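*Asks:* Take this structure, written in structure tokens, and hold onto it; I'll ask about it next.
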Amino acid sequence: MDDAPMDDGPMDRRRIDWRLPATWAVLFAVSIATRTHVGVSDEARRGHVVTWGRVLVDEITSHLMVMALLFALYWLHRRWPLADRRNLAIHVAAVVPFSLLHTGGMAALRLLWFNAIVGVSYSFPLTLDRLQYEFAKDLVTYLMLTTGVVALNYLLRKTPATVAVPEPAPVATPERFAVRKRGGSEILVEVADIDWIEASGNYAILHVGGDTFEIRSSLSRLESELDPKRFVRVHKSHLVNIARVAEVTPWVSGDWRIRLHDGAEVNLSRRYRQRFEALVTVRS
């Protein structure tokens, strides 16, 4: 078979379950909005005037670090799942680096935003009292995140029970067709000897070694009856026997041209090209 250019078929891509990141995005968005409102309200009750923007930046920087640490948390749960109670101590110990990374990263982001970008004086002293205060909050945060990881994994991976349905018995493909000759007599045509099949209204024309035989059947019906590994649809009006393909060459408008061993040529339309290439390797 002549070499001809071809497009790469669709690559196997692992499908991403976007429900998981979408759920976390919604949860973080709600948390940021809620905590910002509570923060502004608390400061107002204390008699402090604070803008929404200031509190919003505090919450965004905090949540950005939590989002970054969420990846590490997922890895931790895969490596040491809580299904094994012996791993509980590992997760308890992990709260310490979680809190230190969250607090340090949050402080760095706020200093960058206020001092370097906005140009407003801002300080975040990492004193022992401040670290203890943040640790108490991060302990609750770690517990909530762990609950979310376990719950979402359970909910998103849970599949409904399926009822086993027995597979239908395979349908035997015909090995020969009884066709009527012009004189009125019938002969048997071996399916393996058919080069290609052409649609002709309510009939189909079998091309067999230079001879043609007409049978009353649609092309779609024959396609469903014949072995799909042997006969493939290449055009709305043509079925070809893969074993009888001699050459494939580019044609016009993206179509290709198939030459068969009997010298006949039929179009390979773009609509059926992928199915054809699944059975016949065409190299560029």
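Identifiers in this document derive from the order of the structure tokens: chains are assigned A, B, ..., residues are numbered from 1 separately in each chain, and ligands are numbered from 1 in order of occurrence.
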Select from region 4-197 of chain A everything DSSP, run on the backbone, classes as alpha helix (DSSP H), then give the selection as an MDAnalysis selection string.
*Replies:* chainID A and resid 19:45 52:79 88:111 128:157
*Asks:* Env of Ala107 (chain A): 9 Å cut, atoms = only C-alpha atoms, seq-sep filter 2 positions within chain, self excluded. Answer as a list in words.
*Replies:*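 What passes the distance filter is Thr61, Ser62, His102, Thr103, Gly104, Gly105, Leu109, Arg110, Leu111, Leu112, Ser123, Phe124, Pro125 and Leu126 of chain A.
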*Asks:* Between region 93-182 of chain A and region 22-42 of chain A, at 10 Å or less, what are the per-residue closest atom pairs and their distances in Å? Count only C-alpha atoms, order by chain and rising residue number, and return it as a tab-separated table.
*Replies:*
```
residue	atom	partner	partner_atom	distance
A:Leu145	CA	A:Trp24	CA	10.0
A:Gly148	CA	A:Trp24	CA	8.8
A:Val149	CA	A:Trp24	CA	9.6
A:Leu152	CA	A:Thr23	CA	8.6
```
*Asks:* Would you export the selected residues with C-alpha atoms as a PDB file, in the first residue's frame, please?
*Replies:*
```
ATOM      1  CA  LEU A 145      -9.923  19.987  54.972  1.00  0.00           C
ATOM      2  CA  GLY A 148     -13.648  17.473  52.912  1.00  0.00           C
ATOM      3  CA  VAL A 149     -11.024  15.274  51.251  1.00  0.00           C
ATOM      4  CA  LEU A 152     -15.568  14.240  48.466  1.00  0.00           C
TER       5      LEU A 152
END
```
*Asks:* Taking 3 positions as the minimum chain separation for residues in the same chain, which residues sit within 9 Å of Leu268 (chain A) when counting only C-alpha atoms? Answer as a list of chain:residue names.
*Replies:*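 Everything that qualifies: A:Arg233, A:Val234, A:His235, A:His238, A:Val248, A:Trp251, A:Asp255, A:Trp256, A:Arg257, A:Ile258, A:Arg271, A:Tyr272, A:Arg273, A:Phe276.
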*Asks:* Could you save those same residues with N, CA and C atoms as a PDB file, in the first residue's frame?
*Replies:*
```pdb
ATOM      1  N   ARG A 233     -17.240   0.294   6.110  1.00  0.00           N
ATOM      2  CA  ARG A 233     -17.915   1.343   5.332  1.00  0.00           C
ATOM      3  C   ARG A 233     -16.896   2.440   5.051  1.00  0.00           C
ATOM      4  N   VAL A 234     -16.727   2.795   3.807  1.00  0.00           N
ATOM      5  CA  VAL A 234     -15.782   3.853   3.436  1.00  0.00           C
ATOM      6  C   VAL A 234     -16.496   5.041   2.808  1.00  0.00           C
ATOM      7  N   HIS A 235     -17.756   4.860   2.496  1.00  0.00           N
ATOM      8  CA  HIS A 235     -18.541   5.898   1.839  1.00  0.00           C
ATOM      9  C   HIS A 235     -20.006   5.557   2.088  1.00  0.00           C
ATOM     10  N   HIS A 238     -20.620   2.709  -0.280  1.00  0.00           N
ATOM     11  CA  HIS A 238     -19.645   1.656  -0.536  1.00  0.00           C
ATOM     12  C   HIS A 238     -19.220   0.954   0.753  1.00  0.00           C
ATOM     13  N   VAL A 248      -4.055   3.157  -1.162  1.00  0.00           N
ATOM     14  CA  VAL A 248      -4.816   4.305  -0.673  1.00  0.00           C
ATOM     15  C   VAL A 248      -4.023   5.559  -0.993  1.00  0.00           C
ATOM     16  N   TRP A 251      -7.018  12.269  -2.166  1.00  0.00           N
ATOM     17  CA  TRP A 251      -7.908  12.688  -3.236  1.00  0.00           C
ATOM     18  C   TRP A 251      -8.195  14.169  -3.056  1.00  0.00           C
ATOM     19  N   ASP A 255     -10.899  13.955   0.994  1.00  0.00           N
ATOM     20  CA  ASP A 255     -11.225  12.547   0.780  1.00  0.00           C
ATOM     21  C   ASP A 255      -9.992  11.811   0.263  1.00  0.00           C
ATOM     22  N   TRP A 256     -10.042  10.479   0.356  1.00  0.00           N
ATOM     23  CA  TRP A 256      -8.980   9.645  -0.180  1.00  0.00           C
ATOM     24  C   TRP A 256      -9.565   8.735  -1.249  1.00  0.00           C
ATOM     25  N   ARG A 257      -8.680   8.077  -1.959  1.00  0.00           N
ATOM     26  CA  ARG A 257      -9.095   7.174  -3.031  1.00  0.00           C
ATOM     27  C   ARG A 257      -8.544   5.784  -2.730  1.00  0.00           C
ATOM     28  N   ILE A 258      -9.421   4.797  -2.759  1.00  0.00           N
ATOM     29  CA  ILE A 258      -9.013   3.409  -2.507  1.00  0.00           C
ATOM     30  C   ILE A 258      -9.035   2.647  -3.832  1.00  0.00           C
ATOM     31  N   ARG A 271     -15.772  11.197   6.596  1.00  0.00           N
ATOM     32  CA  ARG A 271     -16.703  10.723   7.623  1.00  0.00           C
ATOM     33  C   ARG A 271     -16.363   9.322   8.099  1.00  0.00           C
ATOM     34  N   TYR A 272     -15.835   8.474   7.197  1.00  0.00           N
ATOM     35  CA  TYR A 272     -15.575   7.080   7.543  1.00  0.00           C
ATOM     36  C   TYR A 272     -14.086   6.771   7.671  1.00  0.00           C
ATOM     37  N   ARG A 273     -13.250   7.798   7.582  1.00  0.00           N
ATOM     38  CA  ARG A 273     -11.808   7.552   7.542  1.00  0.00           C
ATOM     39  C   ARG A 273     -11.294   6.942   8.849  1.00  0.00           C
ATOM     40  N   PHE A 276     -11.903   3.286   8.985  1.00  0.00           N
ATOM     41  CA  PHE A 276     -11.043   2.580   8.039  1.00  0.00           C
ATOM     42  C   PHE A 276      -9.638   2.436   8.610  1.00  0.00           C
TER      43      PHE A 276
END
```
*Asks:* Give the strand (DSSP E) residues of region 108-277 of chain A, as DSSP finds them on the backbone, and put them as a ChimeraX atom specification.
*Replies:* /A:176-180,186-190,196-200,203-208,211-215,231-235,238-241,245-250,256-260,265-268
*Asks:* Store the residues picked out above in a file with C-alpha atoms, as a PDB file, in the first residue's frame.
*Replies:*
```pdb
ATOM      1  CA  ARG A 176     -21.997 -16.914   1.694  1.00  0.00           C
ATOM      2  CA  PHE A 177     -24.900 -15.298  -0.126  1.00  0.00           C
ATOM      3  CA  ALA A 178     -27.388 -16.929  -2.493  1.00  0.00           C
ATOM      4  CA  VAL A 179     -27.669 -14.663  -5.560  1.00  0.00           C
ATOM      5  CA  ARG A 180     -29.766 -15.005  -8.694  1.00  0.00           C
ATOM      6  CA  GLU A 186     -29.177 -19.189  -8.047  1.00  0.00           C
ATOM      7  CA  ILE A 187     -25.544 -19.563  -7.083  1.00  0.00           C
ATOM      8  CA  LEU A 188     -23.704 -19.212  -3.808  1.00  0.00           C
ATOM      9  CA  VAL A 189     -21.163 -16.411  -3.483  1.00  0.00           C
ATOM     10  CA  GLU A 190     -18.553 -16.739  -0.765  1.00  0.00           C
ATOM     11  CA  TRP A 196     -16.617  -4.485  -2.471  1.00  0.00           C
ATOM     12  CA  ILE A 197     -20.324  -3.740  -2.231  1.00  0.00           C
ATOM     13  CA  GLU A 198     -22.185  -0.859  -3.796  1.00  0.00           C
ATOM     14  CA  ALA A 199     -25.554   0.592  -2.799  1.00  0.00           C
ATOM     15  CA  SER A 200     -28.227   0.749  -5.507  1.00  0.00           C
ATOM     16  CA  TYR A 203     -30.590  -3.341  -3.673  1.00  0.00           C
ATOM     17  CA  ALA A 204     -26.895  -3.897  -3.133  1.00  0.00           C
ATOM     18  CA  ILE A 205     -24.454  -4.866  -5.850  1.00  0.00           C
ATOM     19  CA  LEU A 206     -21.778  -7.390  -4.935  1.00  0.00           C
ATOM     20  CA  HIS A 207     -18.531  -6.994  -6.886  1.00  0.00           C
ATOM     21  CA  VAL A 208     -16.826 -10.373  -7.021  1.00  0.00           C
ATOM     22  CA  ASP A 211     -18.545 -10.031 -11.829  1.00  0.00           C
ATOM     23  CA  THR A 212     -21.482  -8.246 -10.259  1.00  0.00           C
ATOM     24  CA  PHE A 213     -24.447  -9.760  -8.455  1.00  0.00           C
ATOM     25  CA  GLU A 214     -27.510  -7.932  -7.208  1.00  0.00           C
ATOM     26  CA  ILE A 215     -29.239  -8.803  -3.935  1.00  0.00           C
ATOM     27  CA  PHE A 231     -15.825  -5.284   5.745  1.00  0.00           C
ATOM     28  CA  VAL A 232     -15.765  -1.563   6.510  1.00  0.00           C
ATOM     29  CA  ARG A 233     -17.915   1.343   5.332  1.00  0.00           C
ATOM     30  CA  VAL A 234     -15.782   3.853   3.436  1.00  0.00           C
ATOM     31  CA  HIS A 235     -18.541   5.898   1.839  1.00  0.00           C
ATOM     32  CA  HIS A 238     -19.645   1.656  -0.536  1.00  0.00           C
ATOM     33  CA  LEU A 239     -18.444  -1.201   1.644  1.00  0.00           C
ATOM     34  CA  VAL A 240     -15.017  -2.672   0.959  1.00  0.00           C
ATOM     35  CA  ASN A 241     -13.355  -5.935   1.863  1.00  0.00           C
ATOM     36  CA  VAL A 245      -7.513  -3.106  -0.658  1.00  0.00           C
ATOM     37  CA  ALA A 246      -4.407  -2.567  -2.778  1.00  0.00           C
ATOM     38  CA  GLU A 247      -3.657   1.145  -2.451  1.00  0.00           C
ATOM     39  CA  VAL A 248      -4.816   4.305  -0.673  1.00  0.00           C
ATOM     40  CA  THR A 249      -3.965   7.741  -2.060  1.00  0.00           C
ATOM     41  CA  PRO A 250      -5.014  11.312  -1.207  1.00  0.00           C
ATOM     42  CA  TRP A 256      -8.980   9.645  -0.180  1.00  0.00           C
ATOM     43  CA  ARG A 257      -9.095   7.174  -3.031  1.00  0.00           C
ATOM     44  CA  ILE A 258      -9.013   3.409  -2.507  1.00  0.00           C
ATOM     45  CA  ARG A 259      -7.874   1.114  -5.321  1.00  0.00           C
ATOM     46  CA  LEU A 260      -8.889  -2.526  -4.979  1.00  0.00           C
ATOM     47  CA  GLU A 265     -11.545   2.634  -7.288  1.00  0.00           C
ATOM     48  CA  VAL A 266     -13.874   3.991  -4.600  1.00  0.00           C
ATOM     49  CA  ASN A 267     -13.801   7.097  -2.424  1.00  0.00           C
ATOM     50  CA  LEU A 268     -12.819   7.029   1.237  1.00  0.00           C
TER      51      LEU A 268
END
```
*Asks:* When you look at Thr141 (chain A) with a cut-off of 12 Å (counting only C-alpha atoms), what residues show up, excluding the ones that are within fewer than 2 positions of it in the same chain? I need them as a count of residues only.
*Replies:* 26
*Asks:* May I ask for the distance between CA of Ala172 (chain A) and CA of Glu225 (chain A), given in Å to one decimal place?
*Replies:* 8.3 Å
*Asks:* May I ask for the distance between CA of Leu56 (chain A) and CA of Tyr122 (chain A), given in Å to one decimal place?
*Replies:*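 Calculated distance between CA of Leu56 (chain A) and CA of Tyr122 (chain A) is 15.1 Å.
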*Asks:* Could you pull the residues within 10 Å of Ile90 (chain A), counting only C-alpha atoms, minus those fewer than 4 positions along the same chain, as a list in words?
*Replies:*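 Here the qualifying residues turn out to be Leu76, Trp80, Pro81, Leu82, Arg85, Arg86, Ala94 and Val95 of chain A.
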*Asks:* Just checking: using only C-alpha atoms, which residue out of A:Val150, A:Leu131, A:Val191, A:Ile242 ends up closest to His261 (chain A)?
*Replies:*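 Comparing A:Val150, A:Leu131, A:Val191, A:Ile242 against His261 (chain A), the winner is A:Ile242.
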*Asks:* Report, in Å to a single decimal, how far apart CA of Ser237 (chain A) and CA of Arg275 (chain A) are.
*Replies:* 15.3 Å
